[in-house]
Amino acid sequence: MEAHAVRKYIRSSPRKLRRVVNAVRGQTVAEAMQALHFLPHAATRPVELVIRSAVHNLMDRYQNERFNDDSLVIREIRVDNGPVLKRFRPAPRGRAHPYRKRLSHVRVVVSVLSDA
């Protein structure tokens, strides 16, 4: 049994999100939530939301089953590049310096430990 969740257009660069995602990859959901609570990065909030969404999708998909938090494991978690917002900042002598505001997509697959 497994379910997935996708969160798109997160206003954080994929590089910053991958630091957080690599810390929780392969853990149980309970361990991952505990680890996310103590990580100092701002990118932990969107990752936590997408993990919770995947868990709720699993519970909604298999309503007749009972799940223990220790039996749910993050089977796959992936950060992909989203579109890039191109902006410009004024610079001296009438020039402009380009900015690239990167967006991210996060995909999480949660499964029951006995299936993994």
# chains A, B, ... in the order shown; residues from 1 in each chain; ligands from 1
>>> residues_around(residues="Ala35 in chain A", least_positions_apart="4", cutoff="9 Å", atoms="only C-alpha atoms", output="ChimeraX atom specification")
/A:23-24,30-31,39
>>> write_last_selection(atoms="C-alpha atoms", output="PDB file, in the first residue's frame")
ATOM      1  CA  ALA A  23      18.006  14.437   5.969  1.00  0.00           C
ATOM      2  CA  VAL A  24      14.656  12.589   6.024  1.00  0.00           C
ATOM      3  CA  ALA A  30       7.409   9.710  12.767  1.00  0.00           C
ATOM      4  CA  GLU A  31      11.209   9.990  12.658  1.00  0.00           C
ATOM      5  CA  LEU A  39      16.243  21.305  11.633  1.00  0.00           C
TER       6      LEU A  39
END
>>> residues_around(residues="Val112 in chain A", least_positions_apart="2", cutoff="6 Å", atoms="only C-alpha atoms", output="JSON, numbers by chain")
{"A": [1, 71, 72, 114, 115]}
>>> closest_residue(among="A:Leu58, A:Val84, A:Leu113, A:Val20", to="Tyr99 in chain A", atoms="only C-alpha atoms")
A:Val84
>>> closest_atom_pairs(of="range 75-110 of chain A", to="range 3-8 of chain A", cutoff="6 Å", atoms="only C-alpha atoms", output="tab-separated table")
residue	atom	partner	partner_atom	distance
A:His105	CA	A:Lys8	CA	4.3
A:Val106	CA	A:Arg7	CA	5.3
A:Arg107	CA	A:Val6	CA	4.4
A:Val108	CA	A:His4	CA	5.4
A:Val109	CA	A:His4	CA	4.2
A:Val110	CA	A:Ala3	CA	5.5
>>> select_by_dssp(residues="chain A", states="strand (DSSP E)", output="ChimeraX atom specification")
/A:2-10,72-90,96-112
>>> select_by_dssp(residues="range 9-114 of chain A", states="helix (DSSP H, G or I)", output="PyMOL selection string")
chain A and resi 14-24+29-38+44-61+69-71+92-94
>>> atom_distance(atom1="CA of Gly26 in chain A", atom2="CA of His56 in chain A")
18.4 Å
>>> residues_around(residues="Asn81 in chain A", least_positions_apart="6", cutoff="8 Å", atoms="only C-alpha atoms", output="list of chain:residue names")
A:Ser13, A:Pro14, A:Arg102, A:Leu103, A:Ser104, A:His105
>>> write_last_selection(atoms="N, CA, C and O atoms", output="mmCIF file, in the first residue's frame")
data_model
loop_
_atom_site.group_PDB
_atom_site.id
_atom_site.type_symbol
_atom_site.label_atom_id
_atom_site.label_comp_id
_atom_site.auth_asym_id
_atom_site.auth_seq_id
_atom_site.Cartn_x
_atom_site.Cartn_y
_atom_site.Cartn_z
ATOM 1 N N SER A 13 14.660 27.541 -3.517
ATOM 2 C CA SER A 13 15.465 26.917 -4.556
ATOM 3 C C SER A 13 15.588 25.408 -4.293
ATOM 4 O O SER A 13 15.575 24.962 -3.145
ATOM 5 N N PRO A 14 15.704 24.615 -5.345
ATOM 6 C CA PRO A 14 15.840 23.170 -5.166
ATOM 7 C C PRO A 14 17.064 22.787 -4.346
ATOM 8 O O PRO A 14 17.038 21.810 -3.605
ATOM 9 N N ARG A 102 14.352 30.891 -8.194
ATOM 10 C CA ARG A 102 14.062 29.509 -8.570
ATOM 11 C C ARG A 102 12.885 28.969 -7.752
ATOM 12 O O ARG A 102 12.756 29.257 -6.566
ATOM 13 N N LEU A 103 12.076 28.151 -8.398
ATOM 14 C CA LEU A 103 10.950 27.480 -7.764
ATOM 15 C C LEU A 103 11.209 25.973 -7.783
ATOM 16 O O LEU A 103 12.005 25.483 -8.587
ATOM 17 N N SER A 104 10.511 25.261 -6.900
ATOM 18 C CA SER A 104 10.752 23.826 -6.758
ATOM 19 C C SER A 104 9.442 23.053 -6.746
ATOM 20 O O SER A 104 8.388 23.583 -6.394
ATOM 21 N N HIS A 105 9.549 21.776 -7.111
ATOM 22 C CA HIS A 105 8.451 20.821 -6.989
ATOM 23 C C HIS A 105 8.950 19.677 -6.107
ATOM 24 O O HIS A 105 10.048 19.166 -6.321
#
>>> residues_around(residues="Ala32 in chain A", least_positions_apart="2", cutoff="12 Å", atoms="only C-alpha atoms", output="ChimeraX atom specification")
/A:20-30,34-39,44,47-52,69-70,72-75,77,110
>>> closest_residue(among="A:Pro40, A:Pro83, A:Arg89, A:Met59", to="Lys101 in chain A", atoms="only C-alpha atoms")
A:Pro83
>>> decode(residues="range 14-76 of chain A", atoms="C-alpha atoms", output="mmCIF file, in the first residue's frame")
data_model
loop_
_atom_site.group_PDB
_atom_site.id
_atom_site.type_symbol
_atom_site.label_atom_id
_atom_site.label_comp_id
_atom_site.auth_asym_id
_atom_site.auth_seq_id
_atom_site.Cartn_x
_atom_site.Cartn_y
_atom_site.Cartn_z
ATOM 1 C CA PRO A 14 15.840 23.170 -5.166
ATOM 2 C CA ARG A 15 19.338 23.249 -3.701
ATOM 3 C CA LYS A 16 18.048 24.490 -0.349
ATOM 4 C CA LEU A 17 15.182 22.010 -0.309
ATOM 5 C CA ARG A 18 17.463 19.069 -1.125
ATOM 6 C CA ARG A 19 19.433 19.692 2.077
ATOM 7 C CA VAL A 20 16.265 19.072 4.073
ATOM 8 C CA VAL A 21 14.989 16.212 1.918
ATOM 9 C CA ASN A 22 18.268 14.297 2.170
ATOM 10 C CA ALA A 23 18.006 14.437 5.969
ATOM 11 C CA VAL A 24 14.656 12.589 6.024
ATOM 12 C CA ARG A 25 14.960 10.228 3.045
ATOM 13 C CA GLY A 26 14.271 6.592 3.958
ATOM 14 C CA GLN A 27 13.060 7.291 7.496
ATOM 15 C CA THR A 28 9.714 6.454 9.010
ATOM 16 C CA VAL A 29 7.158 9.247 8.998
ATOM 17 C CA ALA A 30 7.409 9.710 12.767
ATOM 18 C CA GLU A 31 11.209 9.990 12.658
ATOM 19 C CA ALA A 32 11.033 12.381 9.697
ATOM 20 C CA MET A 33 8.556 14.696 11.429
ATOM 21 C CA GLN A 34 10.713 14.720 14.541
ATOM 22 C CA ALA A 35 13.836 15.503 12.504
ATOM 23 C CA LEU A 36 12.076 18.270 10.576
ATOM 24 C CA HIS A 37 10.961 19.843 13.829
ATOM 25 C CA PHE A 38 14.579 20.334 14.933
ATOM 26 C CA LEU A 39 16.243 21.305 11.633
ATOM 27 C CA PRO A 40 17.068 25.035 11.495
ATOM 28 C CA HIS A 41 16.182 25.514 7.814
ATOM 29 C CA ALA A 42 13.173 27.478 6.588
ATOM 30 C CA ALA A 43 12.560 24.840 3.911
ATOM 31 C CA THR A 44 11.379 22.310 6.499
ATOM 32 C CA ARG A 45 7.822 23.699 6.506
ATOM 33 C CA PRO A 46 6.933 22.871 2.856
ATOM 34 C CA VAL A 47 8.571 19.434 3.159
ATOM 35 C CA GLU A 48 6.585 18.706 6.315
ATOM 36 C CA LEU A 49 3.349 19.731 4.612
ATOM 37 C CA VAL A 50 3.894 17.482 1.604
ATOM 38 C CA ILE A 51 4.769 14.494 3.840
ATOM 39 C CA ARG A 52 1.596 15.042 5.855
ATOM 40 C CA SER A 53 -0.384 15.304 2.641
ATOM 41 C CA ALA A 54 1.005 11.969 1.433
ATOM 42 C CA VAL A 55 0.102 10.309 4.749
ATOM 43 C CA HIS A 56 -3.441 11.680 4.588
ATOM 44 C CA ASN A 57 -3.738 10.543 0.978
ATOM 45 C CA LEU A 58 -2.770 7.031 2.115
ATOM 46 C CA MET A 59 -5.348 7.094 4.917
ATOM 47 C CA ASP A 60 -8.005 8.391 2.556
ATOM 48 C CA ARG A 61 -7.208 5.802 -0.103
ATOM 49 C CA TYR A 62 -7.337 2.860 2.336
ATOM 50 C CA GLN A 63 -10.060 3.920 4.766
ATOM 51 C CA ASN A 64 -10.744 0.408 6.064
ATOM 52 C CA GLU A 65 -7.131 -0.117 7.141
ATOM 53 C CA ARG A 66 -5.480 1.040 10.344
ATOM 54 C CA PHE A 67 -2.006 2.533 10.221
ATOM 55 C CA ASN A 68 0.582 3.024 12.919
ATOM 56 C CA ASP A 69 2.944 5.998 12.528
ATOM 57 C CA ASP A 70 5.910 3.667 12.998
ATOM 58 C CA SER A 71 4.783 1.442 10.120
ATOM 59 C CA LEU A 72 4.699 4.262 7.546
ATOM 60 C CA VAL A 73 7.960 4.877 5.722
ATOM 61 C CA ILE A 74 9.033 7.514 3.204
ATOM 62 C CA ARG A 75 9.814 5.306 0.224
ATOM 63 C CA GLU A 76 10.676 8.093 -2.184
#
